[in-house]
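Text of structure.cif (mmCIF, C-alpha atoms) as supplied:
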data_run
loop_
_atom_site.label_atom_id
_atom_site.label_comp_id
_atom_site.auth_asym_id
_atom_site.auth_seq_id
_atom_site.Cartn_x
_atom_site.Cartn_y
_atom_site.Cartn_z
CA MET A 849 0.00 0.00 0.00
CA ASP A 850 3.00 2.35 0.40
CA LEU A 851 3.57 2.19 -3.35
CA VAL A 852 -0.03 3.14 -4.00
CA GLN A 853 0.14 6.08 -1.60
CA LYS A 854 3.40 7.29 -3.18
CA GLU A 855 1.95 7.25 -6.68
CA HIS A 856 -1.23 8.90 -5.41
CA ASP A 857 0.74 11.79 -3.91
CA ARG A 858 2.78 12.17 -7.12
CA LEU A 859 -0.41 12.21 -9.23
CA LEU A 860 -2.00 14.81 -6.97
CA LYS A 861 1.11 16.98 -7.24
CA LYS A 862 1.16 16.77 -11.01
CA LEU A 863 -2.51 17.64 -11.20
CA ARG A 864 -2.04 20.72 -9.05
CA SER A 865 0.97 22.01 -11.10
CA SER A 866 -0.63 21.28 -14.46
CA GLN A 867 -1.06 24.14 -16.89
CA GLY A 868 -3.73 22.35 -18.82
CA ILE A 869 -6.58 24.53 -17.60
CA THR A 870 -4.64 27.72 -18.41
CA ASN A 871 -3.81 26.48 -21.91
CA VAL A 872 -7.43 25.54 -22.56
CA GLN A 873 -8.55 29.01 -21.47
CA ASN A 874 -5.99 30.60 -23.81
CA THR A 875 -7.38 28.59 -26.70
CA ILE A 876 -10.89 29.72 -25.84
CA ASP A 877 -9.75 33.35 -25.72
CA ILE A 878 -8.11 33.07 -29.18
CA LEU A 879 -11.28 31.60 -30.70
CA GLN A 880 -13.46 34.20 -29.03
CA SER A 881 -11.26 37.03 -30.35
CA ALA A 882 -11.45 35.63 -33.87
CA ARG A 883 -15.24 35.37 -33.68
CA ASP A 884 -15.54 38.98 -32.53
CA ALA A 885 -13.27 40.16 -35.37
CA ILE A 886 -15.34 38.33 -37.98
CA ALA A 887 -18.54 39.72 -36.49
CA ALA A 888 -17.14 43.26 -36.70
CA ASP A 889 -15.89 42.92 -40.29
CA PRO A 890 -17.30 39.91 -42.18
CA ASN A 891 -15.28 40.77 -45.29
CA GLN A 892 -12.08 39.92 -43.39
CA ALA A 893 -13.33 36.43 -42.32
CA ALA A 894 -10.99 34.53 -44.64
CA VAL A 895 -7.95 36.48 -43.50
CA THR A 896 -8.91 36.12 -39.83
CA LEU A 897 -9.38 32.33 -40.12
CA ALA A 898 -6.04 31.99 -41.91
CA LYS A 899 -4.29 33.89 -39.15
CA LEU A 900 -6.12 31.71 -36.56
CA GLN A 901 -4.65 28.38 -37.74
CA ASN A 902 -1.17 28.65 -36.29
CA PRO A 903 -2.15 30.10 -32.85
CA VAL A 904 -4.81 27.38 -32.34
CA LYS A 905 -2.36 24.63 -33.33
CA THR A 906 0.25 26.04 -30.96
CA SER A 907 -2.32 26.26 -28.19
CA PHE A 908 -3.42 22.62 -28.66
CA ASN A 909 0.21 21.46 -28.59
CA ALA A 910 0.67 23.31 -25.32
CA ILE A 911 -2.41 21.58 -23.87
CA ASN A 912 -1.11 18.15 -24.88
CA ASP A 913 2.35 18.88 -23.55
CA SER A 914 0.94 20.00 -20.20
CA LEU A 915 -1.08 16.79 -19.90
CA LYS A 916 1.76 14.41 -20.73
CA GLU A 917 3.08 14.40 -17.18
CA THR A 918 -0.43 13.95 -15.82
CA HIS A 919 -1.10 10.98 -18.11
CA GLY A 920 2.22 9.43 -17.16
CA SER A 921 1.53 9.78 -13.45
CA LEU A 922 -1.98 8.40 -13.91
CA ASN A 923 -0.65 5.33 -15.73
CA LYS A 924 1.88 4.71 -12.97
CA TYR A 925 -0.87 5.05 -10.36
CA THR A 926 -3.09 2.56 -12.22
CA LYS A 927 -0.24 0.05 -12.52
CA SER A 928 0.50 0.35 -8.81
CA LEU A 929 -3.16 -0.41 -8.04
CA ASP A 930 -3.14 -3.46 -10.32
CA LYS A 931 0.07 -4.67 -8.74
CA SER A 932 -1.16 -4.19 -5.19
CA PHE A 933 -4.53 -5.89 -5.79
CA ASP A 934 -3.43 -8.58 -8.21
CA LEU A 935 -5.65 -11.61 -7.49
CA LYS A 936 -2.73 -13.94 -8.21
CA LEU A 937 -1.10 -12.74 -5.00
CA PHE A 938 -4.15 -14.00 -3.06
CA LYS A 939 -4.33 -17.50 -4.50
CA ASP A 940 -3.15 -19.03 -1.24
CA ARG A 941 -5.52 -17.04 0.94
CA PRO A 942 -8.83 -18.60 2.02
CA LEU A 943 -12.00 -17.40 0.38
CA PRO A 944 -14.65 -15.63 2.45
CA SER A 945 -17.18 -18.19 3.54
CA THR A 946 -20.47 -18.26 1.63
CA GLU A 947 -22.18 -20.13 4.43
CA HIS A 948 -24.42 -18.20 6.77
CA ASP A 949 -26.29 -20.06 9.48
CA ALA A 950 -29.05 -17.70 10.54
CA LEU A 951 -30.30 -20.16 13.17
CA SER A 952 -26.96 -20.97 14.82
CA GLN A 953 -27.97 -18.95 17.88
CA ARG A 954 -31.66 -19.91 17.82
CA ASP A 955 -31.64 -23.49 19.07
CA GLN A 956 -35.07 -23.07 20.63
CA LEU A 957 -36.63 -22.37 17.23
CA ILE A 958 -35.08 -25.48 15.71
CA ASN A 959 -36.12 -27.64 18.65
CA ARG A 960 -39.66 -26.29 18.53
CA ALA A 961 -39.88 -26.95 14.77
CA ILE A 962 -38.76 -30.55 15.37
CA ALA A 963 -41.23 -31.01 18.22
CA MET A 964 -44.08 -29.57 16.15
CA HIS A 965 -43.13 -31.79 13.22
CA LEU A 966 -43.23 -34.90 15.40
CA LEU A 967 -46.63 -33.90 16.77
CA ARG A 968 -47.99 -33.18 13.30
CA GLU A 969 -46.81 -36.60 12.16
CA GLY A 970 -48.49 -38.30 15.11
CA GLN A 971 -45.18 -39.33 16.74
CA PHE A 972 -46.32 -38.32 20.22
CA SER A 973 -44.02 -40.67 22.16
CA VAL A 974 -41.00 -39.60 20.11
CA ALA A 975 -41.88 -35.94 20.68
CA ALA A 976 -42.14 -36.57 24.43
CA SER A 977 -38.71 -38.28 24.46
CA PHE A 978 -37.19 -35.48 22.41
CA LEU A 979 -38.49 -32.78 24.76
CA SER A 980 -37.39 -34.75 27.83
CA GLU A 981 -33.84 -34.95 26.49
CA ILE A 982 -33.84 -31.19 25.92
CA ALA A 983 -34.99 -30.64 29.50
CA GLU A 984 -32.22 -32.92 30.82
CA LYS A 985 -29.60 -31.11 28.74
CA LYS A 986 -30.72 -27.72 30.05
CA THR A 987 -30.62 -29.05 33.60
CA ARG A 988 -27.00 -30.21 33.14
CA ILE A 989 -26.00 -26.83 31.66
CA ALA A 990 -27.66 -24.98 34.54
CA SER A 991 -25.89 -27.24 37.04
CA SER A 992 -22.49 -26.49 35.54
CA ASP A 993 -23.18 -22.73 35.56
CA ARG A 994 -24.35 -22.65 39.17
CA THR A 995 -21.77 -24.05 41.49
CA SER A 996 -22.72 -22.06 44.56
CA ALA A 997 -26.31 -23.26 44.82
CA SER A 998 -28.15 -26.25 43.47
CA PRO A 999 -30.39 -25.17 40.60
CA GLU A 1000 -34.02 -26.06 40.26
CA PRO A 1001 -34.60 -28.90 37.81
CA THR A 1002 -35.83 -27.86 34.36
CA SER A 1003 -39.29 -29.17 33.55
CA LEU A 1004 -41.08 -29.43 30.23
CA LEU A 1005 -43.33 -26.59 31.29
CA ASN A 1006 -40.35 -24.22 31.39
CA LEU A 1007 -39.11 -25.01 27.88
CA ASP A 1008 -39.57 -22.55 25.03
CA GLU A 1009 -39.61 -25.49 22.61
CA VAL A 1010 -42.72 -27.10 24.09
CA PRO A 1011 -45.95 -26.50 22.14
CA SER A 1012 -48.91 -25.59 24.31
CA ALA A 1013 -50.97 -28.31 25.92
CA GLU A 1014 -53.95 -27.22 23.82
CA ILE A 1015 -52.00 -27.73 20.60
CA ARG A 1016 -50.85 -31.19 21.68
CA LYS A 1017 -54.43 -32.08 22.60
CA GLU A 1018 -55.71 -30.90 19.23
CA PHE A 1019 -53.13 -32.94 17.32
CA ALA A 1020 -53.98 -36.02 19.37
CA SER A 1021 -57.63 -35.51 18.41
CA MET A 1022 -56.71 -35.06 14.76
CA TYR A 1023 -54.73 -38.29 14.60
CA TYR A 1024 -57.45 -40.23 16.36
CA ILE A 1025 -59.92 -39.08 13.70
CA LEU A 1026 -57.45 -39.83 10.90
CA SER A 1027 -56.74 -43.31 12.26
CA GLN A 1028 -60.46 -44.05 12.36
CA LEU A 1029 -60.87 -42.72 8.84
CA LYS A 1030 -57.89 -44.49 7.23
CA GLU A 1031 -57.69 -47.75 9.14
CA ARG A 1032 -61.34 -48.50 9.92
CA ARG A 1033 -63.12 -46.49 7.22
CA ASN A 1034 -65.06 -44.81 10.02
CA LEU A 1035 -66.14 -41.32 8.99
CA LEU A 1036 -68.35 -40.59 11.97
CA PRO A 1037 -65.66 -38.93 14.20
CA ALA A 1038 -64.62 -36.68 11.29
CA ILE A 1039 -68.25 -35.76 10.55
CA GLU A 1040 -68.85 -34.99 14.24
CA TRP A 1041 -65.78 -32.71 14.32
CA ALA A 1042 -66.94 -30.94 11.16
CA ARG A 1043 -70.36 -30.30 12.69
CA GLU A 1044 -68.85 -28.94 15.89
CA ASN A 1045 -66.80 -26.51 13.80
CA ARG A 1046 -69.43 -25.87 11.13
CA GLU A 1047 -69.52 -22.12 11.67
CA ALA A 1048 -65.76 -21.70 11.33
CA LEU A 1049 -65.63 -23.98 8.27
CA GLU A 1050 -68.46 -22.11 6.54
CA ALA A 1051 -66.68 -18.83 7.23
CA ARG A 1052 -63.74 -20.25 5.28
CA GLY A 1053 -66.04 -21.41 2.48
CA SER A 1054 -65.11 -25.02 3.20
CA ASN A 1055 -67.28 -27.92 2.02
CA LEU A 1056 -65.58 -30.49 4.26
CA GLU A 1057 -68.74 -31.56 6.07
CA PHE A 1058 -70.60 -32.28 2.84
CA GLU A 1059 -67.64 -34.17 1.36
CA LEU A 1060 -67.49 -36.36 4.45
CA CYS A 1061 -71.25 -37.02 4.33
CA ARG A 1062 -71.11 -37.76 0.62
CA LEU A 1063 -68.33 -40.30 1.14
CA GLN A 1064 -70.33 -41.84 3.99
CA TYR A 1065 -73.28 -42.18 1.62
CA VAL A 1066 -71.07 -43.86 -1.01
CA TRP A 1067 -69.59 -46.17 1.65
CA LEU A 1068 -73.05 -47.20 2.83
CA TYR A 1069 -74.14 -47.73 -0.76
CA HIS A 1070 -71.26 -50.07 -1.50
CA GLY A 1071 -71.21 -51.93 1.82
CA GLU A 1072 -70.28 -55.50 0.98
CA SER A 1073 -71.91 -55.42 -2.47
CA ASP A 1074 -68.62 -54.86 -4.26
CA THR A 1075 -67.36 -58.26 -3.16
CA PRO A 1076 -67.79 -61.21 -5.54
CA ASN A 1077 -69.97 -63.11 -3.03
CA ALA A 1078 -72.42 -60.29 -2.28
CA THR A 1079 -76.02 -61.49 -2.36
CA PRO A 1080 -78.93 -59.50 -3.82
CA ASP A 1081 -80.33 -59.11 -0.29
CA GLN A 1082 -77.08 -57.54 0.91
CA THR A 1083 -77.08 -55.17 -2.06
CA ARG A 1084 -80.65 -54.08 -1.33
CA ARG A 1085 -79.87 -53.56 2.36
CA ASN A 1086 -76.86 -51.42 1.49
CA GLN A 1087 -78.92 -49.30 -0.90
CA THR A 1088 -81.67 -48.92 1.68
CA ALA A 1089 -79.13 -47.82 4.31
CA ALA A 1090 -77.64 -45.25 1.91
CA ILE A 1091 -81.06 -43.83 1.02
CA ALA A 1092 -82.04 -43.63 4.70
CA TYR A 1093 -78.80 -41.80 5.45
CA ALA A 1094 -79.43 -39.39 2.57
CA ARG A 1095 -82.93 -38.59 3.82
CA GLN A 1096 -81.56 -37.89 7.27
CA GLU A 1097 -78.44 -35.83 6.42
CA PHE A 1098 -78.75 -34.29 2.95
CA PRO A 1099 -81.65 -31.85 3.61
CA ALA A 1100 -79.24 -29.67 5.60
CA PHE A 1101 -77.08 -29.31 2.46
CA HIS A 1102 -79.87 -28.98 -0.10
CA THR A 1103 -79.56 -25.22 -0.59
CA ARG A 1104 -75.85 -25.19 -1.33
CA TYR A 1105 -75.26 -28.63 -2.86
CA GLN A 1106 -78.51 -29.40 -4.70
CA ARG A 1107 -76.75 -30.45 -7.92
CA GLU A 1108 -74.39 -32.86 -6.12
CA ILE A 1109 -77.26 -34.37 -4.12
CA ASN A 1110 -79.30 -34.87 -7.30
CA GLN A 1111 -76.38 -36.76 -8.83
CA LEU A 1112 -76.05 -39.04 -5.79
CA MET A 1113 -79.74 -39.84 -5.74
CA GLY A 1114 -80.03 -40.15 -9.53
CA ALA A 1115 -77.33 -42.79 -9.50
CA MET A 1116 -79.83 -45.17 -7.88
CA ALA A 1117 -81.49 -45.61 -11.26
CA PHE A 1118 -78.28 -47.21 -12.53
CA CYS A 1119 -77.81 -49.66 -9.65
CA PRO A 1120 -77.63 -52.80 -11.83
CA ASN A 1121 -74.79 -51.35 -13.92
CA LEU A 1122 -73.40 -48.39 -11.99
CA SER A 1123 -69.85 -48.79 -13.36
CA ALA A 1124 -71.10 -47.93 -16.89
CA SER A 1125 -73.23 -44.99 -15.75
CA PRO A 1126 -72.39 -41.24 -15.86
CA TYR A 1127 -71.92 -41.44 -12.08
CA ALA A 1128 -69.22 -44.13 -12.09
CA ALA A 1129 -66.47 -41.66 -11.10
CA ILE A 1130 -68.38 -40.65 -7.96
CA PHE A 1131 -68.96 -44.19 -6.71
CA ASN A 1132 -65.68 -45.76 -7.87
CA ASN A 1133 -62.97 -43.27 -6.97
CA PRO A 1134 -59.91 -45.20 -5.72
CA SER A 1135 -58.35 -42.08 -4.16
CA ALA A 1136 -61.52 -40.87 -2.41
CA TRP A 1137 -60.43 -41.87 1.09
CA GLU A 1138 -56.95 -40.46 0.72
CA ASP A 1139 -58.33 -37.22 -0.75
CA VAL A 1140 -60.82 -36.70 2.06
CA ALA A 1141 -58.12 -37.47 4.66
CA GLN A 1142 -55.86 -34.78 3.17
CA PHE A 1143 -58.82 -32.41 2.97
CA PHE A 1144 -59.65 -33.00 6.64
CA THR A 1145 -56.00 -32.49 7.68
CA ARG A 1146 -55.78 -29.22 5.76
CA GLU A 1147 -58.99 -27.82 7.25
CA PHE A 1148 -58.12 -29.02 10.77
CA CYS A 1149 -54.71 -27.31 10.67
CA SER A 1150 -56.21 -24.18 9.11
CA LEU A 1151 -58.54 -23.72 12.08
CA LEU A 1152 -55.47 -23.95 14.31
CA GLY A 1153 -53.74 -21.26 12.27
CA LEU A 1154 -51.21 -23.77 10.91
CA SER A 1155 -50.30 -24.95 7.44
CA ALA A 1156 -51.45 -28.36 6.26
CA ASP A 1157 -47.85 -29.53 5.75
CA SER A 1158 -45.12 -29.43 8.33
CA PRO A 1159 -42.96 -26.28 7.91
CA LEU A 1160 -39.90 -28.36 8.82
CA TYR A 1161 -40.70 -30.84 6.05
CA ILE A 1162 -41.24 -28.03 3.53
CA ALA A 1163 -38.02 -26.26 4.54
CA ALA A 1164 -35.96 -29.47 4.41
CA THR A 1165 -37.40 -30.51 1.05
CA ALA A 1166 -36.94 -27.06 -0.48
CA GLY A 1167 -33.39 -27.00 0.84
CA ALA A 1168 -32.65 -30.40 -0.72
CA ILE A 1169 -34.01 -29.17 -4.06
CA ALA A 1170 -31.97 -25.96 -3.88
CA LEU A 1171 -28.75 -27.62 -2.67
CA PRO A 1172 -27.37 -28.68 -6.11
CA THR A 1173 -27.87 -25.17 -7.48
CA LEU A 1174 -26.22 -23.58 -4.45
CA LEU A 1175 -23.27 -26.02 -4.59
CA LYS A 1176 -22.78 -25.20 -8.25
CA LEU A 1177 -22.93 -21.50 -7.41
CA GLN A 1178 -20.30 -21.94 -4.70
CA THR A 1179 -18.02 -23.76 -7.15
CA ILE A 1180 -18.31 -20.92 -9.66
CA MET A 1181 -17.68 -18.33 -6.96
CA LYS A 1182 -14.52 -20.13 -5.87
CA ALA A 1183 -13.29 -20.28 -9.44
CA LYS A 1184 -13.93 -16.57 -9.95
CA ARG A 1185 -12.70 -15.63 -6.47
CA THR A 1186 -15.94 -13.75 -5.74
CA GLU A 1187 -18.15 -13.50 -2.67
CA TRP A 1188 -21.87 -13.82 -2.05
CA THR A 1189 -22.71 -10.31 -0.85
CA SER A 1190 -26.54 -10.33 -0.89
CA GLU A 1191 -28.26 -10.40 2.49
CA ASN A 1192 -31.52 -12.30 3.09
CA GLU A 1193 -31.68 -12.96 -0.64
CA LEU A 1194 -30.55 -15.76 -2.94
CA PRO A 1195 -28.29 -14.63 -5.81
CA VAL A 1196 -29.96 -17.07 -8.24
CA GLU A 1197 -33.45 -18.40 -8.92
CA ILE A 1198 -34.26 -21.76 -7.30
CA PRO A 1199 -36.76 -23.87 -9.31
CA LEU A 1200 -39.23 -25.12 -6.70
CA PRO A 1201 -42.47 -27.04 -7.34
CA PRO A 1202 -45.62 -24.86 -7.56
CA SER A 1203 -46.88 -26.27 -4.25
CA TYR A 1204 -43.78 -24.83 -2.55
CA LEU A 1205 -44.31 -21.30 -3.88
CA PHE A 1206 -46.23 -18.99 -1.58
CA HIS A 1207 -47.23 -15.35 -1.83
CA SER A 1208 -48.65 -12.88 0.64
CA ILE A 1209 -51.67 -10.64 0.09
CA PHE A 1210 -51.11 -8.37 -2.91
CA VAL A 1211 -53.37 -5.50 -3.95
CA CYS A 1212 -53.09 -4.46 -7.59
CA PRO A 1213 -52.11 -0.76 -7.78
CA VAL A 1214 -54.15 -0.39 -11.00
CA SER A 1215 -57.45 -2.12 -10.19
CA LYS A 1216 -57.11 -1.78 -6.38
CA GLU A 1217 -58.27 -5.42 -6.14
CA GLN A 1218 -56.65 -8.16 -4.08
CA ALA A 1219 -54.80 -10.76 -6.11
CA THR A 1220 -56.04 -14.37 -6.04
CA ASP A 1221 -54.90 -17.70 -7.46
CA GLU A 1222 -57.01 -16.97 -10.55
CA ASN A 1223 -55.73 -13.38 -10.74
CA PRO A 1224 -52.10 -13.59 -9.54
CA PRO A 1225 -49.49 -10.81 -9.38
CA MET A 1226 -47.53 -10.44 -12.63
CA MET A 1227 -44.19 -8.68 -13.01
CA MET A 1228 -43.42 -6.84 -16.23
CA PRO A 1229 -39.87 -6.67 -17.66
CA CYS A 1230 -39.45 -3.19 -16.16
CA GLY A 1231 -39.94 -4.66 -12.67
CA HIS A 1232 -43.38 -3.22 -11.85
CA VAL A 1233 -46.05 -5.64 -10.62
CA ILE A 1234 -49.78 -5.56 -11.32
CA ALA A 1235 -52.56 -8.15 -11.30
CA GLU A 1236 -53.00 -10.43 -14.31
CA GLU A 1237 -56.44 -9.09 -15.18
CA SER A 1238 -55.13 -5.53 -15.18
CA LEU A 1239 -52.27 -6.69 -17.38
CA LYS A 1240 -54.72 -8.19 -19.88
CA ARG A 1241 -56.80 -5.03 -19.98
CA LEU A 1242 -53.72 -2.91 -20.62
CA SER A 1243 -52.14 -5.14 -23.24
CA LYS A 1244 -55.19 -6.11 -25.34
CA GLY A 1245 -52.99 -8.63 -27.10
CA SER A 1246 -50.32 -6.13 -28.18
CA ARG A 1247 -47.45 -4.12 -26.76
CA PHE A 1248 -48.35 -1.55 -24.14
CA LYS A 1249 -46.74 1.08 -21.96
CA CYS A 1250 -46.23 0.38 -18.26
CA PRO A 1251 -48.55 2.60 -16.19
CA TYR A 1252 -45.66 3.51 -13.87
CA CYS A 1253 -42.71 4.05 -16.21
CA PRO A 1254 -42.01 4.76 -19.92
CA ASN A 1255 -40.98 1.16 -20.70
CA GLU A 1256 -43.04 -0.93 -23.09
CA SER A 1257 -43.66 -4.66 -22.77
CA HIS A 1258 -45.84 -7.50 -24.00
CA MET A 1259 -48.16 -9.85 -22.15
CA LYS A 1260 -45.96 -12.84 -22.96
CA ASP A 1261 -42.95 -11.16 -21.29
CA ALA A 1262 -44.67 -10.90 -17.87
CA ARG A 1263 -43.88 -13.44 -15.16
CA LYS A 1264 -45.98 -14.70 -12.28
CA VAL A 1265 -44.70 -13.38 -8.95
CA PHE A 1266 -44.50 -15.27 -5.65
CA LEU A 1267 -43.84 -12.86 -2.78
#

For the file at hand, write its structure as structure tokens.
Amino acid sequence: MDLVQKEHDRLLKKLRSSQGITNVQNTIDILQSARDAIAADPNQAAVTLAKLQNPVKTSFNAINDSLKETHGSLNKYTKSLDKSFDLKLFKDRPLPSTEHDALSQRDQLINRAIAMHLLREGQFSVAASFLSEIAEKKTRIASSDRTSASPEPTSLLNLDEVPSAEIRKEFASMYYILSQLKERRNLLPAIEWARENREALEARGSNLEFELCRLQYVWLYHGESDTPNATPDQTRRNQTAAIAYARQEFPAFHTRYQREINQLMGAMAFCPNLSASPYAAIFNNPSAWEDVAQFFTREFCSLLGLSADSPLYIAATAGAIALPTLLKLQTIMKAKRTEWTSENELPVEIPLPPSYLFHSIFVCPVSKEQATDENPPMMMPCGHVIAEESLKRLSKGSRFKCPYCPNESHMKDARKVFL
């Protein structure tokens, strides 16, 4: 750095002693004098311009001569900078780390995420063991820190990682209902829960209760009749049970689900050959039980203010998908001797599945309407974001001007935004 400072001082000195500005001003004065002379006597313009040639040439030579030393000093200064910061001199130095562990000091958040994941997966005994081990570890740490007095033992109730007793109770209830639904094909506990929470589900626009009752109707209709040894009497009893259930439960849904109820009841006319009827998909859906189980889980978690999938699972899966891209990025950065300087932001796009892309509430600045899945936020090439419907109205199938800047774009150039 001493060499750089020396050349910097020399350059500054040369710049201060330079006569370049004076020579430029002299040239301007000569040209101004010639212009005034021509303005005073236009007939002498040719003579004046002829006399002007040599003084201007001399003046320009003086300017160039005065700048030679400055250019020389500037070149020396640039070379000293290149020499001082030559990357070859740093080839043996370690690169700045591109790893940043934002949760290294937040163990309680990681432990809570693991505990919540175990509870969401129904691993209640494993979650209890996990939390007990955390409590024991904290007790040992407290014992080593307090040598003068014996510390009070750490209990599960004092842990930040422990979900509330109400949450644990709710998850236990959810898995009891799911076990009845999946293992025993018993929909009654799920239907009872849906009725107890009917008001909250209707506020969300959920049709969970009807879907459960519809599947119960289909289950009663099939009974044992889909087995090869089913007798006609068994088939009739199953149909009678399904119709009785429909008369008892479906009137409550008639206003909102009249079309679906008509389809269920109209299927009775095709009993002898239901598989070839227009209603075959309703009564022979192999994924019906799995679909309704996922639907129930999603609605149950939503009423608790939680996502249907475990955040830990989503984070781990998204990280596994992004890992190859990030490893490739790190390799390129090492080769180019560069550093990841962005904070709280990835330097490259990570291709995640659509189910792993989330966006917050967005209000279109043009239409003032809230974006939805059918009307998502769209970003134009200039970087401004508006709703898709507003974009269509502006574009009309051709190029259009952005309402917030002079740039023009086309509908096909816009990209869906996930905030």

Please enumerate the residues selected by the PyMOL selection byres ((chain A and resi 1200) around 12) when evaluated against the supplied file, formatted as a PyMOL selection string. chain A and resi 1162-1163+1165-1171+1173+1197-1199+1201-1206+1266

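Between atom CA of Asn1132 of chain A and atom CA of Val1066 of chain A the separation is 8.9 Å.
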
In Å, how far is it from atom CA of Ala1136 of chain A to atom CA of Asp1081 of chain A? 26.3 Å

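When atom CA of Tyr1065 of chain A is paired with atom CA of Ile1130 of chain A, their separation reads 10.9 Å.
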
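With distances restricted to all atoms listed in the file, A:Thr1145 is the closest residue to Ile1025 of chain A from A:Thr1145, A:Ser1243, A:Asn1045, A:Asn1255.
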
Residue members of the PyMOL selection byres ((chain A and resi 1213-1229) around 10) in the file shown, as a ChimeraX atom specification: /A:1207-1212,1230-1239,1242,1250-1252,1255-1267

Long-range neighbours of Leu1060 of chain A as a VMD selection string, 9 Å cut-off, all atoms listed in the file, 2 positions minimum in chain: chain A and resid 1035 to 1036 1038 to 1039 1042 1055 to 1058 1062 to 1065 1140 1144

Specify the axis-aligned box that encloses all atoms of segment 1219-1224 of chain A listed in the file after padding of 6 Å on each side, stating its centre and edge lengths in Å to one decimal as AutoDock Vina command-line options.
--center_x -54.6 --center_y -14.2 --center_z -8.4 --size_x 16.9 --size_y 18.9 --size_z 16.7

Residue contacts of Tyr1024 of chain A (10 Å, only C-alpha atoms) excluding same-chain residues fewer than 4 positions away, as an NGL selection string: :A and (970 or 1018-1020 or 1028-1029 or 1037-1038)

Output check: residues returned by the PyMOL selection byres ((chain A and resi 1090-1101) around 9), as a PyMOL selection string: chain A and resi 1058+1061-1062+1064-1070+1085-1089+1102-1106+1109+1113

Given the selection you just returned, output its residues as a file containing C-alpha atoms, formatted as a compact mmCIF listing (two decimals), in the coordinates of the input.
# COMPACT_ATOMS: atom_id res chain seq x y z
CA PHE A 1058 -70.60 -32.28 2.84
CA CYS A 1061 -71.25 -37.02 4.33
CA ARG A 1062 -71.11 -37.76 0.62
CA GLN A 1064 -70.33 -41.84 3.99
CA TYR A 1065 -73.28 -42.18 1.62
CA VAL A 1066 -71.07 -43.86 -1.01
CA TRP A 1067 -69.59 -46.17 1.65
CA LEU A 1068 -73.05 -47.20 2.83
CA TYR A 1069 -74.14 -47.73 -0.76
CA HIS A 1070 -71.26 -50.07 -1.50
CA ARG A 1085 -79.87 -53.56 2.36
CA ASN A 1086 -76.86 -51.42 1.49
CA GLN A 1087 -78.92 -49.30 -0.90
CA THR A 1088 -81.67 -48.92 1.68
CA ALA A 1089 -79.13 -47.82 4.31
CA HIS A 1102 -79.87 -28.98 -0.10
CA THR A 1103 -79.56 -25.22 -0.59
CA ARG A 1104 -75.85 -25.19 -1.33
CA TYR A 1105 -75.26 -28.63 -2.86
CA GLN A 1106 -78.51 -29.40 -4.70
CA ILE A 1109 -77.26 -34.37 -4.12
CA MET A 1113 -79.74 -39.84 -5.74

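Of the listed residues (A:Ala983, A:Leu966, A:Cys1253, A:Leu1112), A:Leu966 comes nearest to Asp1157 of chain A; the distances count all atoms listed in the file.
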
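Distances from A:Glu1040, A:Val1196, A:Ala963, A:Ser1123 to Ser980 of chain A were compared using all atoms listed in the file, and the smallest one belongs to A:Ala963.
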
Within 7 Å of segment 875-882 of chain A, counting all atoms listed in the file, which residues qualify if same-chain residues fewer than 6 places away don't, as a PyMOL selection string? chain A and resi 896+904+907
